[in-house]
file start-v2.csv (CSV, C-alpha atoms and all ligand atoms)
chain,number,residue,atom,x,y,z
A,1,MET,CA,2.9,17.2,28.1
A,2,ALA,CA,-0.3,19.3,28.4
A,3,ALA,CA,-3.4,18.2,26.6
A,4,GLY,CA,-4.6,19.7,23.3
A,5,ARG,CA,-1.4,19.8,21.4
A,6,PHE,CA,-1.3,19.8,17.6
A,7,LEU,CA,1.9,18.3,16.0
A,8,THR,CA,2.6,18.1,12.3
A,9,PHE,CA,5.2,16.2,10.3
A,10,GLU,CA,6.5,17.4,7.0
A,11,GLY,CA,9.2,16.4,4.6
A,12,GLY,CA,9.9,15.1,1.1
A,13,GLU,CA,8.5,11.9,-0.3
A,14,GLY,CA,10.0,8.8,1.4
A,15,SER,CA,11.4,10.8,4.3
A,16,GLY,CA,9.9,8.3,6.8
A,17,LYS,CA,7.1,10.4,8.4
A,18,SER,CA,4.7,7.5,8.6
A,19,THR,CA,7.2,5.2,10.5
A,20,LEU,CA,8.1,8.0,12.9
A,21,ILE,CA,4.5,8.9,13.5
A,22,ARG,CA,3.6,5.3,14.2
A,23,GLY,CA,6.5,5.0,16.7
A,24,LEU,CA,5.5,8.2,18.5
A,25,GLN,CA,1.9,7.3,18.6
A,26,GLU,CA,2.7,4.0,20.4
A,27,LEU,CA,5.0,5.8,22.8
A,28,LEU,CA,2.5,8.6,23.7
A,29,ALA,CA,-0.4,6.3,23.9
A,30,ALA,CA,1.6,4.0,26.2
A,31,ARG,CA,2.1,7.0,28.5
A,32,GLY,CA,-1.6,7.6,28.7
A,33,HIS,CA,-2.1,10.3,26.1
A,34,ASP,CA,-5.2,10.4,23.9
A,35,VAL,CA,-3.5,10.5,20.5
A,36,VAL,CA,-5.3,11.1,17.2
A,37,VAL,CA,-3.2,10.3,14.1
A,38,THR,CA,-4.4,11.7,10.8
A,39,ARG,CA,-3.0,12.8,7.5
A,40,GLU,CA,-3.3,15.4,4.7
A,41,PRO,CA,-4.7,15.6,2.2
A,42,GLY,CA,-7.3,13.5,3.9
A,43,GLY,CA,-8.4,12.6,7.4
A,44,THR,CA,-12.2,12.9,6.8
A,45,PRO,CA,-14.3,11.1,4.2
A,46,LEU,CA,-14.6,14.2,2.0
A,47,ALA,CA,-11.0,15.1,2.4
A,48,GLU,CA,-9.9,11.6,1.5
A,49,ALA,CA,-12.1,11.9,-1.6
A,50,ALA,CA,-10.3,15.1,-2.5
A,51,ARG,CA,-6.9,13.4,-1.8
A,52,ALA,CA,-7.8,10.8,-4.5
A,53,LEU,CA,-8.8,13.6,-6.9
A,54,VAL,CA,-5.5,15.5,-6.3
A,55,LEU,CA,-3.0,12.6,-6.2
A,56,THR,CA,-4.6,10.3,-8.8
A,57,PRO,CA,-6.8,12.4,-11.1
A,58,PRO,CA,-9.6,10.4,-12.7
A,59,VAL,CA,-8.6,11.6,-16.2
A,60,ASP,CA,-5.1,11.6,-17.8
A,61,GLU,CA,-4.5,15.3,-16.9
A,62,ASP,CA,-3.1,17.0,-13.9
A,63,TRP,CA,-4.8,19.9,-12.1
A,64,SER,CA,-3.5,23.4,-12.8
A,65,PRO,CA,-1.3,24.6,-9.9
A,66,VAL,CA,-3.9,27.0,-8.5
A,67,ALA,CA,-6.7,24.5,-8.9
A,68,GLN,CA,-4.6,22.0,-7.0
A,69,ALA,CA,-3.9,24.5,-4.3
A,70,LEU,CA,-7.7,25.1,-3.9
A,71,LEU,CA,-8.4,21.4,-3.7
A,72,VAL,CA,-5.8,20.6,-1.0
A,73,ASN,CA,-7.0,23.6,1.0
A,74,ALA,CA,-10.7,22.6,0.6
A,75,ALA,CA,-9.7,19.2,2.0
A,76,ARG,CA,-7.7,20.9,4.8
A,77,ARG,CA,-10.7,23.0,5.8
A,78,ASP,CA,-12.9,20.0,6.1
A,79,HIS,CA,-10.2,18.2,8.0
A,80,ILE,CA,-9.7,21.0,10.5
A,81,GLU,CA,-13.4,21.8,11.0
A,82,ARG,CA,-14.6,18.2,11.4
A,83,LEU,CA,-11.6,16.3,12.9
A,84,ILE,CA,-8.7,18.4,14.1
A,85,ALA,CA,-10.4,21.2,16.0
A,86,PRO,CA,-13.0,18.9,17.6
A,87,ALA,CA,-10.2,16.5,18.8
A,88,LEU,CA,-8.1,19.3,20.2
A,89,GLU,CA,-11.0,20.9,22.1
A,90,PRO,CA,-11.4,18.2,24.7
A,91,GLY,CA,-7.6,17.7,25.0
A,92,ALA,CA,-6.4,15.1,22.5
A,93,CYS,CA,-2.9,15.3,21.0
A,94,VAL,CA,-3.4,15.5,17.3
A,95,VAL,CA,-0.6,14.2,15.1
A,96,SER,CA,-0.9,15.0,11.4
A,97,ASP,CA,1.1,13.5,8.6
A,98,ARG,CA,1.5,16.8,6.6
A,99,CYS,CA,-0.6,20.0,6.9
A,100,ALA,CA,-0.5,23.6,5.5
A,101,ASP,CA,3.3,23.6,5.1
A,102,SER,CA,3.0,21.0,2.4
A,103,ALA,CA,1.1,23.5,0.3
A,104,ARG,CA,4.0,25.9,0.7
A,105,GLY,CA,6.3,23.1,-0.4
A,106,PHE,CA,4.4,21.3,-3.2
A,107,GLN,CA,2.1,24.0,-4.6
A,108,GLY,CA,4.8,26.6,-4.0
A,109,GLU,CA,7.2,24.5,-6.1
A,110,ARG,CA,4.5,24.5,-8.8
A,111,ARG,CA,4.8,28.3,-8.8
A,112,VAL,CA,1.6,29.2,-7.1
A,113,ASP,CA,2.2,32.8,-5.8
A,114,ASP,CA,3.0,33.3,-2.2
A,115,HIS,CA,0.2,35.8,-1.8
A,116,VAL,CA,-2.3,33.2,-3.1
A,117,LEU,CA,-0.9,30.5,-0.7
A,118,ASP,CA,-1.0,33.1,2.2
A,119,THR,CA,-4.6,33.9,1.6
A,120,LEU,CA,-5.6,30.3,1.3
A,121,GLU,CA,-3.8,29.3,4.4
A,122,THR,CA,-5.4,32.1,6.4
A,123,LEU,CA,-8.8,31.2,5.2
A,124,THR,CA,-8.3,27.5,5.7
A,125,VAL,CA,-6.3,27.2,8.9
A,126,GLY,CA,-7.6,30.1,11.0
A,127,ASP,CA,-6.4,29.8,14.5
A,128,THR,CA,-5.8,26.0,14.3
A,129,ARG,CA,-2.1,26.2,13.8
A,130,PRO,CA,0.4,23.5,14.7
A,131,ASP,CA,2.1,23.9,18.1
A,132,LEU,CA,5.1,22.0,16.7
A,133,THR,CA,6.2,20.9,13.3
A,134,PHE,CA,8.9,18.3,12.5
A,135,ILE,CA,10.5,18.6,9.1
A,136,LEU,CA,12.2,15.4,8.1
A,137,ASP,CA,15.0,16.5,5.9
A,138,ALA,CA,17.3,14.6,3.5
A,139,ASP,CA,18.7,15.0,0.0
A,140,PRO,CA,15.9,13.7,-2.3
A,141,ALA,CA,18.5,11.8,-4.3
A,142,GLU,CA,19.2,9.8,-1.1
A,143,LEU,CA,15.5,9.1,-0.7
A,144,GLN,CA,15.0,7.9,-4.3
A,145,GLN,CA,15.3,4.2,-3.4
A,146,ARG,CA,12.7,4.6,-0.6
A,147,ARG,CA,10.4,6.3,-3.0
A,148,THR,CA,10.8,3.5,-5.5
A,149,ASP,CA,10.4,0.8,-2.8
A,150,ARG,CA,7.1,2.4,-1.7
A,151,GLY,CA,5.8,1.8,-5.2
A,152,ILE,CA,3.3,4.6,-5.0
A,153,SER,CA,2.4,6.2,-8.3
A,154,ASP,CA,0.8,9.6,-8.0
A,155,VAL,CA,1.2,13.0,-9.7
A,156,PHE,CA,4.2,14.0,-7.5
A,157,GLU,CA,6.2,10.7,-7.3
A,158,ASN,CA,7.1,10.8,-11.0
A,159,LYS,CA,8.3,14.4,-11.0
A,160,PRO,CA,12.0,14.9,-11.7
A,161,LEU,CA,14.6,15.1,-9.0
A,162,SER,CA,14.9,18.8,-9.4
A,163,PHE,CA,11.2,19.2,-8.3
A,164,HIS,CA,11.9,17.3,-5.1
A,165,GLN,CA,15.0,19.3,-4.5
A,166,GLY,CA,13.0,22.5,-4.8
A,167,ILE,CA,10.5,21.2,-2.3
A,168,ARG,CA,13.3,20.4,0.1
A,169,ALA,CA,14.7,24.0,-0.2
A,170,ARG,CA,11.2,25.4,0.4
A,171,PHE,CA,10.8,23.3,3.6
A,172,LEU,CA,14.2,24.4,4.9
A,173,HIS,CA,13.3,28.0,4.1
A,174,LEU,CA,10.0,27.6,6.0
A,175,ALA,CA,11.9,26.2,9.0
A,176,GLY,CA,14.2,29.2,9.0
A,177,GLN,CA,11.2,31.5,8.9
A,178,ASN,CA,9.3,29.7,11.7
A,179,ARG,CA,12.1,28.8,14.2
A,180,ASP,CA,9.7,28.8,17.2
A,181,ARG,CA,7.5,26.1,15.6
A,182,CYS,CA,9.7,24.1,13.2
A,183,VAL,CA,12.4,21.6,14.1
A,184,ILE,CA,14.5,19.9,11.4
A,185,ILE,CA,15.3,16.2,11.8
A,186,ASP,CA,17.8,14.3,9.7
A,187,ALA,CA,15.6,11.8,7.9
A,188,LEU,CA,18.5,9.5,7.1
A,189,SER,CA,19.3,8.7,10.8
A,190,PRO,CA,18.2,5.3,12.1
A,191,ILE,CA,14.6,5.3,13.1
A,192,GLU,CA,15.3,4.8,16.8
A,193,ALA,CA,17.6,7.9,16.8
A,194,VAL,CA,14.9,9.9,15.0
A,195,LYS,CA,12.3,8.8,17.4
A,196,THR,CA,14.4,9.7,20.4
A,197,ALA,CA,15.3,13.1,18.9
A,198,ALA,CA,11.6,13.9,18.3
A,199,LEU,CA,10.5,12.8,21.8
A,200,SER,CA,13.2,14.9,23.3
A,201,VAL,CA,12.0,18.0,21.4
A,202,ILE,CA,8.4,17.3,22.5
A,203,GLU,CA,9.6,17.1,26.2
A,204,THR,CA,11.7,20.2,25.9
A,205,ARG,CA,8.8,22.2,24.4
A,206,PHE,CA,5.8,20.8,26.4
A,207,GLY,CA,7.2,19.0,29.4
A,208,ALA,CA,7.6,15.3,30.2
A,209,VAL,CA,5.3,13.1,28.3
B,301,LIG,P1,2.0,11.4,1.4
B,301,LIG,O1,0.9,11.1,2.3
B,301,LIG,O2,2.6,10.1,0.9
B,301,LIG,O3,3.1,12.3,1.9
B,301,LIG,O4,1.4,12.0,0.1
B,301,LIG,C1,0.7,13.2,0.1
B,301,LIG,C2,1.0,14.0,-1.1
B,301,LIG,O5,0.2,15.2,-1.2
B,301,LIG,C3,2.4,14.4,-1.2
B,301,LIG,O6,2.9,14.2,-2.5
B,301,LIG,C4,2.3,15.9,-0.9
B,301,LIG,C5,1.0,16.3,-1.4
B,301,LIG,N1,0.4,17.5,-0.8
B,301,LIG,C6,0.3,18.7,-1.5
B,301,LIG,O7,0.6,18.7,-2.7
B,301,LIG,N2,-0.3,19.7,-0.9
B,301,LIG,C7,-0.7,19.7,0.4
B,301,LIG,O8,-1.2,20.7,1.0
B,301,LIG,C8,-0.6,18.5,1.1
B,301,LIG,C9,-1.0,18.4,2.6
B,301,LIG,C10,0.0,17.4,0.5

call {"tool": "encode", "arguments": {"input": "start-v2.csv", "output": "structure tokens"}}
result
Amino acid sequence: MAAGRFLTFEGGEGSGKSTLIRGLQELLAARGHDVVVTREPGGTPLAEAARALVLTPPVDEDWSPVAQALLVNAARRDHIERLIAPALEPGACVVSDRCADSARGFQGERRVDDHVLDTLETLTVGDTRPDLTFILDADPAELQQRRTDRGISDVFENKPLSFHQGIRARFLHLAGQNRDRCVIIDALSPIEAVKTAALSVIETRFGAV
């Protein structure tokens, strides 16, 4: 795999992104790659502060959909400018747990207009677009137990199943629109099978790792 690759992982809550990312990180690092693992919202001190504001607002109120879209994009801009682009430049492989597609999924499902999300994404991401995006897909009803086991309480975890189903549909639609970049992986397969599938996609796209 050539240097300077930007990989993102997307999917519903409890789809197993973190476990897969950890597995791939070990594997790529063991083969000598300089791997930077990060997440969104977050990844830099300011973006992590914005994450807390978005996911656990300090007052008993949620942000309006557009305000929330602005906050996650502000966090993303800081993350890209200060961490992702500088790491890609000298040739690291950057692996991010979520990126701009999550705004399409989550803020899109909160009914922020596509043209607003388009504009924000263009402003925020610029040329630093992922080379490859894995979408971990499963019926949210099947992931319910995992979400409960994680015990995370944030503004999205407690939304009704229909909200999570809407997000799933949005991710699948995105994958259909971006076939060159997005690969769907069955999130319910055993982790070893998921890891092997992801690695095989990376090798097919970028050469042996
Ligand atoms: P996670 O790290 O457990 O996946 O949680 C991140 C949460 O942030 C998740 O609920 C999705 C949400 N999110 C957005 O709403 N918009 C975004 O642009 C991003 C990156 C994440």

call {"tool": "atom_distance", "arguments": {"input": "start-v2.csv", "atom1": "CA of Val183 (chain A)", "atom2": "CA of Ala103 (chain A)"}}
result
17.9 Å

call {"tool": "residues_near_point", "arguments": {"input": "start-v2.csv", "point": "(7.7, 28.4, 20.2)", "cutoff": "9 Å", "atoms": "only C-alpha atoms", "output": "ChimeraX atom specification"}}
result
/A:131-132,178-182,205

call {"tool": "closest_residue", "arguments": {"input": "start-v2.csv", "among": "A:Ile202, A:Leu88, A:Cys99, A:Ala141", "to": "ligand LIG 301 (chain B)", "atoms": "only C-alpha atoms and all ligand atoms"}}
result
A:Cys99

call {"tool": "axis_aligned_box", "arguments": {"input": "start-v2.csv", "around": "region 42-59 of chain A", "padding_each_side": "5 Å", "output": "AutoDock Vina command-line options"}}
result
--center_x -8.8 --center_y 12.9 --center_z -4.4 --size_x 21.6 --size_y 15.2 --size_z 33.6

call {"tool": "residues_near_ligand", "arguments": {"input": "start-v2.csv", "ligand": "ligand LIG 301 (chain B)", "cutoff": "6 Å", "atoms": "all atoms listed in the file", "output": "list in words"}}
result
Glu13, Glu40, Pro41, Val72, Arg98, Cys99, Ala100, Ser102, Ala103, Phe106, Gln107 and Phe156 of chain A

call {"tool": "closest_residue", "arguments": {"input": "start-v2.csv", "among": "A:Asp114, A:Asp34, A:Asp101, A:Glu203", "to": "Thr8 (chain A)", "atoms": "only C-alpha atoms"}}
result
A:Asp101

call {"tool": "atom_distance", "arguments": {"input": "start-v2.csv", "atom1": "CA of Gly42 (chain A)", "atom2": "CA of Ser162 (chain A)"}}
result
26.4 Å

call {"tool": "residues_around", "arguments": {"input": "start-v2.csv", "residues": "Phe171 (chain A)", "least_positions_apart": "5", "cutoff": "8 Å", "atoms": "only C-alpha atoms", "output": "list in words"}}
result
Gly11, Asp101, Arg104, Gly105 and Ile135 of chain A

call {"tool": "atom_distance", "arguments": {"input": "start-v2.csv", "atom1": "CA of Arg76 (chain A)", "atom2": "CA of Leu199 (chain A)"}}
result
26.2 Å

call {"tool": "closest_residue", "arguments": {"input": "start-v2.csv", "among": "A:Asp97, A:Asp154, A:Asp127, A:Glu10", "to": "Leu53 (chain A)", "atoms": "all atoms listed in the file"}}
result
A:Asp154

call {"tool": "closest_residue", "arguments": {"input": "start-v2.csv", "among": "A:Ser153, A:Gln177, A:Ser96, A:Asn158", "to": "Phe134 (chain A)", "atoms": "all atoms listed in the file"}}
result
A:Ser96

call {"tool": "residues_around", "arguments": {"input": "start-v2.csv", "residues": "His79 (chain A)", "least_positions_apart": "2", "cutoff": "10 Å", "atoms": "only C-alpha atoms", "output": "PyMOL selection string"}}
result
chain A and resi 38-48+73-77+81-85+99+124-125

call {"tool": "write_last_selection", "arguments": {"input": "start-v2.csv", "atoms": "C-alpha atoms", "output": "short mmCIF file (atom, residue, chain, number, x, y, z; two decimals), in the coordinates of the input"}}
result
data_model
loop_
_atom_site.label_atom_id
_atom_site.label_comp_id
_atom_site.auth_asym_id
_atom_site.auth_seq_id
_atom_site.Cartn_x
_atom_site.Cartn_y
_atom_site.Cartn_z
CA THR A 38 -4.40 11.70 10.80
CA ARG A 39 -3.00 12.80 7.50
CA GLU A 40 -3.30 15.40 4.70
CA PRO A 41 -4.70 15.60 2.20
CA GLY A 42 -7.30 13.50 3.90
CA GLY A 43 -8.40 12.60 7.40
CA THR A 44 -12.20 12.90 6.80
CA PRO A 45 -14.30 11.10 4.20
CA LEU A 46 -14.60 14.20 2.00
CA ALA A 47 -11.00 15.10 2.40
CA GLU A 48 -9.90 11.60 1.50
CA ASN A 73 -7.00 23.60 1.00
CA ALA A 74 -10.70 22.60 0.60
CA ALA A 75 -9.70 19.20 2.00
CA ARG A 76 -7.70 20.90 4.80
CA ARG A 77 -10.70 23.00 5.80
CA GLU A 81 -13.40 21.80 11.00
CA ARG A 82 -14.60 18.20 11.40
CA LEU A 83 -11.60 16.30 12.90
CA ILE A 84 -8.70 18.40 14.10
CA ALA A 85 -10.40 21.20 16.00
CA CYS A 99 -0.60 20.00 6.90
CA THR A 124 -8.30 27.50 5.70
CA VAL A 125 -6.30 27.20 8.90
#

call {"tool": "closest_residue", "arguments": {"input": "start-v2.csv", "among": "A:Thr128, A:Ile184, A:Ala92, A:Lys17", "to": "Ala197 (chain A)", "atoms": "all atoms listed in the file"}}
result
A:Ile184

call {"tool": "closest_residue", "arguments": {"input": "start-v2.csv", "among": "A:Trp63, A:Phe206, A:Phe6, A:Phe163", "to": "Cys93 (chain A)", "atoms": "only C-alpha atoms"}}
result
A:Phe6

call {"tool": "closest_atom_pairs", "arguments": {"input": "start-v2.csv", "of": "region 72-167 of chain A", "to": "region 187-196 of chain A", "cutoff": "10 Å", "atoms": "only C-alpha atoms", "output": "Markdown table"}}
result
| residue | atom | partner | partner_atom | distance |
| --- | --- | --- | --- | --- |
| A:Ile135 | CA | A:Ala187 | CA | 8.6 |
| A:Leu136 | CA | A:Ala187 | CA | 5.0 |
| A:Asp137 | CA | A:Ala187 | CA | 5.1 |
| A:Ala138 | CA | A:Ala187 | CA | 5.5 |
| A:Asp139 | CA | A:Leu188 | CA | 9.0 |
| A:Glu142 | CA | A:Leu188 | CA | 8.2 |
| A:Leu143 | CA | A:Leu188 | CA | 8.4 |

call {"tool": "residues_around", "arguments": {"input": "start-v2.csv", "residues": "Pro90 (chain A)", "least_positions_apart": "4", "cutoff": "9 Å", "atoms": "all atoms listed in the file", "output": "ChimeraX atom specification"}}
result
/A:3-4,86

call {"tool": "residues_near_point", "arguments": {"input": "start-v2.csv", "point": "(-5.2, 23.4, -10.8)", "cutoff": "12 Å", "atoms": "all atoms listed in the file", "output": "ChimeraX atom specification"}}
result
/A:53-55,57,61-73,107,110-112

call {"tool": "residues_around", "arguments": {"input": "start-v2.csv", "residues": "Pro160 (chain A)", "least_positions_apart": "6", "cutoff": "12 Å", "atoms": "only C-alpha atoms", "output": "PyMOL selection string"}}
result
chain A and resi 140-141+144+166-167

call {"tool": "decode", "arguments": {"input": "start-v2.csv", "residues": "region 36-66 of chain A", "atoms": "N, CA and C atoms", "output": "mmCIF file, in the first residue's frame"}}
result
data_model
loop_
_atom_site.group_PDB
_atom_site.id
_atom_site.type_symbol
_atom_site.label_atom_id
_atom_site.label_comp_id
_atom_site.auth_asym_id
_atom_site.auth_seq_id
_atom_site.Cartn_x
_atom_site.Cartn_y
_atom_site.Cartn_z
ATOM 1 N N VAL A 36 -2.101 6.438 11.739
ATOM 2 C CA VAL A 36 -2.663 7.411 12.685
ATOM 3 C C VAL A 36 -4.158 7.122 12.789
ATOM 4 N N VAL A 37 -4.600 6.730 13.982
ATOM 5 C CA VAL A 37 -6.022 6.438 14.180
ATOM 6 C C VAL A 37 -6.671 7.625 14.884
ATOM 7 N N THR A 38 -7.814 8.031 14.374
ATOM 8 C CA THR A 38 -8.475 9.190 14.954
ATOM 9 C C THR A 38 -9.989 9.022 14.852
ATOM 10 N N ARG A 39 -10.743 10.021 15.286
ATOM 11 C CA ARG A 39 -12.200 9.867 15.256
ATOM 12 C C ARG A 39 -12.885 11.200 15.069
ATOM 13 N N GLU A 40 -14.143 11.122 14.675
ATOM 14 C CA GLU A 40 -14.974 12.329 14.561
ATOM 15 C C GLU A 40 -16.316 12.103 15.237
ATOM 16 N N PRO A 41 -16.963 13.142 15.777
ATOM 17 C CA PRO A 41 -16.304 14.420 15.978
ATOM 18 C C PRO A 41 -15.164 14.220 16.974
ATOM 19 N N GLY A 42 -14.060 14.923 16.737
ATOM 20 C CA GLY A 42 -12.937 14.823 17.664
ATOM 21 C C GLY A 42 -11.608 14.761 16.945
ATOM 22 N N GLY A 43 -10.617 14.245 17.659
ATOM 23 C CA GLY A 43 -9.303 14.039 17.052
ATOM 24 C C GLY A 43 -8.291 15.126 17.392
ATOM 25 N N THR A 44 -8.770 16.330 17.713
ATOM 26 C CA THR A 44 -7.882 17.405 18.190
ATOM 27 C C THR A 44 -8.523 17.929 19.479
ATOM 28 N N PRO A 45 -7.778 18.658 20.297
ATOM 29 C CA PRO A 45 -8.380 19.138 21.550
ATOM 30 C C PRO A 45 -9.659 19.948 21.328
ATOM 31 N N LEU A 46 -9.638 20.865 20.370
ATOM 32 C CA LEU A 46 -10.841 21.670 20.153
ATOM 33 C C LEU A 46 -11.992 20.845 19.586
ATOM 34 N N ALA A 47 -11.658 19.938 18.683
ATOM 35 C CA ALA A 47 -12.714 19.103 18.101
ATOM 36 C C ALA A 47 -13.299 18.151 19.145
ATOM 37 N N GLU A 48 -12.462 17.704 20.091
ATOM 38 C CA GLU A 48 -12.988 16.862 21.175
ATOM 39 C C GLU A 48 -13.923 17.688 22.067
ATOM 40 N N ALA A 49 -13.574 18.965 22.267
ATOM 41 C CA ALA A 49 -14.461 19.831 23.062
ATOM 42 C C ALA A 49 -15.794 20.014 22.328
ATOM 43 N N ALA A 50 -15.718 20.170 21.010
ATOM 44 C CA ALA A 50 -16.956 20.306 20.225
ATOM 45 C C ALA A 50 -17.757 18.999 20.278
ATOM 46 N N ARG A 51 -17.063 17.869 20.298
ATOM 47 C CA ARG A 51 -17.754 16.567 20.393
ATOM 48 C C ARG A 51 -18.625 16.518 21.662
ATOM 49 N N ALA A 52 -18.012 16.941 22.770
ATOM 50 C CA ALA A 52 -18.761 16.909 24.028
ATOM 51 C C ALA A 52 -19.984 17.832 23.940
ATOM 52 N N LEU A 53 -19.799 19.000 23.326
ATOM 53 C CA LEU A 53 -20.923 19.936 23.191
ATOM 54 C C LEU A 53 -22.066 19.336 22.373
ATOM 55 N N VAL A 54 -21.679 18.595 21.305
ATOM 56 C CA VAL A 54 -22.693 18.024 20.418
ATOM 57 C C VAL A 54 -23.366 16.815 21.061
ATOM 58 N N LEU A 55 -22.562 15.904 21.591
ATOM 59 C CA LEU A 55 -23.120 14.611 22.018
ATOM 60 C C LEU A 55 -23.736 14.658 23.414
ATOM 61 N N THR A 56 -23.159 15.506 24.277
ATOM 62 C CA THR A 56 -23.738 15.647 25.620
ATOM 63 C C THR A 56 -23.829 17.145 25.946
ATOM 64 N N PRO A 57 -24.808 17.824 25.365
ATOM 65 C CA PRO A 57 -24.929 19.278 25.574
ATOM 66 C C PRO A 57 -24.991 19.609 27.069
ATOM 67 N N PRO A 58 -24.370 20.731 27.466
ATOM 68 C CA PRO A 58 -24.269 21.055 28.891
ATOM 69 C C PRO A 58 -25.581 21.522 29.517
ATOM 70 N N VAL A 59 -26.602 21.709 28.705
ATOM 71 C CA VAL A 59 -27.923 22.050 29.260
ATOM 72 C C VAL A 59 -28.905 21.005 28.720
ATOM 73 N N ASP A 60 -30.084 20.979 29.303
ATOM 74 C CA ASP A 60 -31.037 19.931 28.949
ATOM 75 C C ASP A 60 -31.791 20.298 27.669
ATOM 76 N N GLU A 61 -31.048 20.478 26.610
ATOM 77 C CA GLU A 61 -31.624 20.876 25.325
ATOM 78 C C GLU A 61 -30.732 20.330 24.241
ATOM 79 N N ASP A 62 -31.306 19.980 23.096
ATOM 80 C CA ASP A 62 -30.468 19.536 21.985
ATOM 81 C C ASP A 62 -30.256 20.718 21.030
ATOM 82 N N TRP A 63 -29.159 20.675 20.295
ATOM 83 C CA TRP A 63 -28.918 21.695 19.278
ATOM 84 C C TRP A 63 -29.953 21.548 18.174
ATOM 85 N N SER A 64 -30.279 22.659 17.519
ATOM 86 C CA SER A 64 -31.147 22.544 16.354
ATOM 87 C C SER A 64 -30.351 21.787 15.290
ATOM 88 N N PRO A 65 -31.032 21.176 14.330
ATOM 89 C CA PRO A 65 -30.310 20.385 13.323
ATOM 90 C C PRO A 65 -29.212 21.166 12.594
ATOM 91 N N VAL A 66 -29.516 22.407 12.166
ATOM 92 C CA VAL A 66 -28.498 23.163 11.412
ATOM 93 C C VAL A 66 -27.350 23.565 12.339
#
